[in-house]
file work-v5.pdb (PDB, C-alpha atoms and all ligand atoms)
ATOM      1  CA  MET A   4     -26.268  -9.943  17.669
ATOM      2  CA  PHE A   5     -24.439 -12.068  20.239
ATOM      3  CA  GLU A   6     -21.292 -12.029  18.112
ATOM      4  CA  LYS A   7     -21.393  -8.238  17.836
ATOM      5  CA  SER A   8     -21.657  -7.679  21.572
ATOM      6  CA  ARG A   9     -18.981 -10.315  22.186
ATOM      7  CA  LEU A  10     -16.677  -8.542  19.750
ATOM      8  CA  SER A  11     -17.413  -5.200  21.394
ATOM      9  CA  GLN A  12     -16.465  -6.609  24.787
ATOM     10  CA  ILE A  13     -13.123  -7.687  23.395
ATOM     11  CA  ILE A  14     -12.219  -4.644  21.354
ATOM     12  CA  GLU A  15     -13.416  -1.854  23.637
ATOM     13  CA  PRO A  16     -10.490  -2.164  26.087
ATOM     14  CA  LEU A  17      -8.125  -2.449  23.142
ATOM     15  CA  ARG A  18      -9.552   0.567  21.363
ATOM     16  CA  SER A  19      -9.212   2.720  24.447
ATOM     17  CA  GLN A  20      -5.490   1.977  24.654
ATOM     18  CA  PHE A  21      -4.249   1.301  21.142
ATOM     19  CA  MET A  22      -4.463   3.670  18.191
ATOM     20  CA  ILE A  23      -3.884   0.670  15.939
ATOM     21  CA  MET A  24      -7.483  -0.381  16.674
ATOM     22  CA  LYS A  25      -8.891   2.972  15.531
ATOM     23  CA  GLU A  26      -6.745   4.084  12.642
ATOM     24  CA  CYS A  27      -5.177   2.289   9.667
ATOM     25  CA  LEU A  28      -1.374   2.203   9.833
ATOM     26  CA  ALA A  29      -1.082   2.676   6.081
ATOM     27  CA  CYS A  30      -3.594   5.388   5.182
ATOM     28  CA  LYS A  31      -4.696   6.742   8.593
ATOM     29  CA  GLY A  32      -8.329   6.042   7.677
ATOM     30  CA  GLN A  33     -10.726   5.225  10.478
ATOM     31  CA  ILE A  34     -11.247   1.566  11.406
ATOM     32  CA  SER A  35     -14.796   0.838  12.530
ATOM     33  CA  ASP A  36     -16.081  -2.178  14.444
ATOM     34  CA  LYS A  37     -17.420  -3.577  11.172
ATOM     35  CA  SER A  38     -13.854  -3.909   9.903
ATOM     36  CA  ILE A  39     -12.716  -6.061  12.833
ATOM     37  CA  LYS A  40     -13.365  -9.795  13.036
ATOM     38  CA  ILE A  41     -12.324 -12.529  15.446
ATOM     39  CA  VAL A  42     -10.166 -15.180  13.764
ATOM     40  CA  ALA A  43      -9.662 -17.279  16.886
ATOM     41  CA  GLU A  44      -9.890 -17.017  20.640
ATOM     42  CA  GLU A  45      -8.626 -19.035  23.547
ATOM     43  CA  ASP A  46      -9.031 -18.083  27.196
ATOM     44  CA  ASN A  47      -8.364 -14.338  27.188
ATOM     45  CA  SER A  48      -6.244 -14.283  24.048
ATOM     46  CA  TYR A  49      -7.581 -13.346  20.660
ATOM     47  CA  MET A  50      -6.455 -13.269  17.073
ATOM     48  CA  LEU A  51      -8.188 -10.431  15.294
ATOM     49  CA  HIS A  52      -8.322  -9.446  11.642
ATOM     50  CA  LEU A  53      -8.696  -5.778  10.740
ATOM     51  CA  ALA A  54      -9.406  -4.785   7.162
ATOM     52  CA  CYS A  55      -9.126  -1.116   6.261
ATOM     53  CA  PRO A  56     -12.164  -0.104   4.217
ATOM     54  CA  HIS A  57     -10.215   2.777   2.665
ATOM     55  CA  CYS A  58      -7.002   1.179   1.344
ATOM     56  CA  GLN A  59      -7.804  -2.574   1.675
ATOM     57  CA  ASN A  60      -4.680  -3.242   3.769
ATOM     58  CA  SER A  61      -5.120  -5.727   6.581
ATOM     59  CA  LEU A  62      -3.711  -6.265  10.019
ATOM     60  CA  VAL A  63      -3.586  -9.505  11.952
ATOM     61  CA  LEU A  64      -3.415  -8.845  15.684
ATOM     62  CA  LEU A  65      -2.729 -11.060  18.645
ATOM     63  CA  ALA A  66      -4.305  -9.592  21.759
ATOM     64  CA  SER A  67      -4.206 -10.781  25.312
ATOM     65  CA  VAL A  68      -6.323  -9.308  28.084
ATOM     66  CA  ASN A  69      -5.670 -10.197  31.714
ATOM     67  CA  ASP A  70      -5.746  -8.721  35.216
ATOM     68  CA  ILE A  71      -2.462  -6.860  34.860
ATOM     69  CA  GLY A  72      -3.122  -5.322  31.480
ATOM     70  CA  VAL A  73      -3.491  -5.717  27.782
ATOM     71  CA  GLY A  74      -0.881  -6.955  25.338
ATOM     72  CA  LEU A  75      -1.111  -6.452  21.609
ATOM     73  CA  VAL A  76       1.117  -7.561  18.755
ATOM     74  CA  GLY A  77       0.169  -6.867  15.180
ATOM     75  CA  MET A  78       1.471  -7.220  11.672
ATOM     76  CA  MET A  79       0.459  -5.830   8.328
ATOM     77  CA  SER A  80      -0.774  -8.599   6.086
ATOM     78  CA  ASP A  81      -2.252  -9.301   2.700
ATOM     79  CA  LEU A  82      -4.384 -12.066   4.201
ATOM     80  CA  ASN A  83      -8.111 -11.572   4.010
ATOM     81  CA  TYR A  84     -10.259 -12.839   6.870
ATOM     82  CA  ASP A  85     -10.959 -16.214   5.242
ATOM     83  CA  ASP A  86      -7.234 -16.776   4.602
ATOM     84  CA  ALA A  87      -6.385 -15.908   8.197
ATOM     85  CA  LYS A  88      -9.055 -18.282   9.477
ATOM     86  CA  ARG A  89      -7.899 -21.082   7.150
ATOM     87  CA  LEU A  90      -4.188 -20.684   7.917
ATOM     88  CA  TYR A  91      -4.750 -20.428  11.662
ATOM     89  CA  THR A  92      -5.866 -24.063  11.773
ATOM     90  CA  LYS A  93      -3.186 -25.311   9.381
ATOM     91  CA  GLU A  94      -0.114 -27.076  10.760
ATOM     92  CA  PRO A  95       3.108 -25.065  10.512
ATOM     93  CA  ILE A  96       5.657 -26.229   7.943
ATOM     94  CA  ASP A  97       8.756 -27.907   9.348
ATOM     95  CA  GLU A  98      12.451 -27.958   8.395
ATOM     96  CA  ASP A  99      12.102 -31.183   6.364
ATOM     97  CA  TYR A 100       9.376 -29.646   4.216
ATOM     98  CA  LEU A 101      11.498 -26.548   3.617
ATOM     99  CA  LEU A 102      14.559 -28.650   2.733
ATOM    100  CA  ASP A 103      12.508 -30.775   0.303
ATOM    101  CA  ALA A 104      11.152 -27.648  -1.362
ATOM    102  CA  TYR A 105      14.626 -26.133  -1.608
ATOM    103  CA  GLN A 106      16.114 -29.324  -3.069
ATOM    104  CA  THR A 107      13.283 -29.651  -5.587
ATOM    105  CA  LEU A 108      13.720 -26.070  -6.734
ATOM    106  CA  HIS A 109      17.495 -26.435  -6.822
ATOM    107  CA  LYS A 110      17.193 -29.614  -8.916
ATOM    108  CA  ILE A 111      14.869 -27.889 -11.381
ATOM    109  CA  SER A 112      17.264 -24.970 -11.714
ATOM    110  CA  PHE A 113      20.266 -27.299 -12.109
ATOM    111  CA  ASN A 114      18.543 -29.364 -14.829
ATOM    112  CA  LYS A 115      17.573 -26.203 -16.631
ATOM    113  CA  TYR A 116      21.222 -25.138 -16.846
ATOM    114  CA  LEU A 117      22.303 -28.597 -18.035
ATOM    115  CA  ASN A 118      20.018 -28.281 -21.060
ATOM    116  CA  PHE A 119      21.896 -25.257 -22.385
TER     117      PHE A 119
HETATM  118 ZN    ZN B 201      -6.003   2.048   5.197
END

call {"tool": "encode", "arguments": {"input": "work-v5.pdb", "output": "structure tokens"}}
result
Amino acid sequence: MFEKSRLSQIIEPLRSQFMIMKECLACKGQISDKSIKIVAEEDNSYMLHLACPHCQNSLVLLASVNDIGVGLVGMMSDLNYDDAKRLYTKEPIDEDYLLDAYQTLHKISFNKYLNF
């Protein structure tokens, strides 16, 4: 019950100002409070996950509420809530990791062509 009222406190100001909190971007179906979950929060900033019950598309939103207003940035995603929660705490990949992955893939492709 506490979580529900806490969520309501966060999303009410957002819902009053942003259509994205009421209506799915993909199918225009209604988004209810049940479809919105908090992934993470820090001070007055929140990461929210919205799952459309009609078309199963998801949105991950970053919202910030302060004295001068409300800021909201969102992106369509195929992440479910558990994925969003898991990836939020994961360290970002760095350039070295990307280069290693590229070189490994390149080596595999190169060896494949040598076998012909
Ligand atoms: Zn939808």

call {"tool": "residues_near_ligand", "arguments": {"input": "work-v5.pdb", "ligand": "ligand ZN 201 (chain B)", "cutoff": "8 Å", "atoms": "all atoms listed in the file", "output": "ChimeraX atom specification"}}
result
/A:26-33,54-61

call {"tool": "closest_residue", "arguments": {"input": "work-v5.pdb", "among": "A:Leu17, A:Leu102, A:Ala66, A:Leu53", "to": "Ser80 (chain A)", "atoms": "only C-alpha atoms"}}
result
A:Leu53

call {"tool": "closest_residue", "arguments": {"input": "work-v5.pdb", "among": "A:Asp81, A:Val63, A:Val42, A:Val73", "to": "Arg18 (chain A)", "atoms": "all atoms listed in the file"}}
result
A:Val73

call {"tool": "closest_residue", "arguments": {"input": "work-v5.pdb", "among": "A:Leu101, A:Ala43, A:Ile71, A:Val76", "to": "Met24 (chain A)", "atoms": "only C-alpha atoms"}}
result
A:Val76

call {"tool": "resolve_selection", "arguments": {"input": "work-v5.pdb", "expression": "the PyMOL selection byres (((chain A and resi 49) around 12) and not hetatm)", "output": "PyMOL selection string"}}
result
chain A and resi 9-10+12-14+17+39-48+50-52+63-69+73-77+91

call {"tool": "atom_distance", "arguments": {"input": "work-v5.pdb", "atom1": "CA of Asp36 (chain A)", "atom2": "CA of Glu15 (chain A)"}}
result
9.6 Å

call {"tool": "atom_distance", "arguments": {"input": "work-v5.pdb", "atom1": "CA of Ile34 (chain A)", "atom2": "CA of Pro16 (chain A)"}}
result
15.2 Å

call {"tool": "atom_distance", "arguments": {"input": "work-v5.pdb", "atom1": "CA of Met79 (chain A)", "atom2": "CA of Tyr105 (chain A)"}}
result
26.7 Å

call {"tool": "closest_residue", "arguments": {"input": "work-v5.pdb", "among": "A:Leu62, A:Ser8, A:Asp103, A:Ser35", "to": "Ala87 (chain A)", "atoms": "only C-alpha atoms"}}
result
A:Leu62
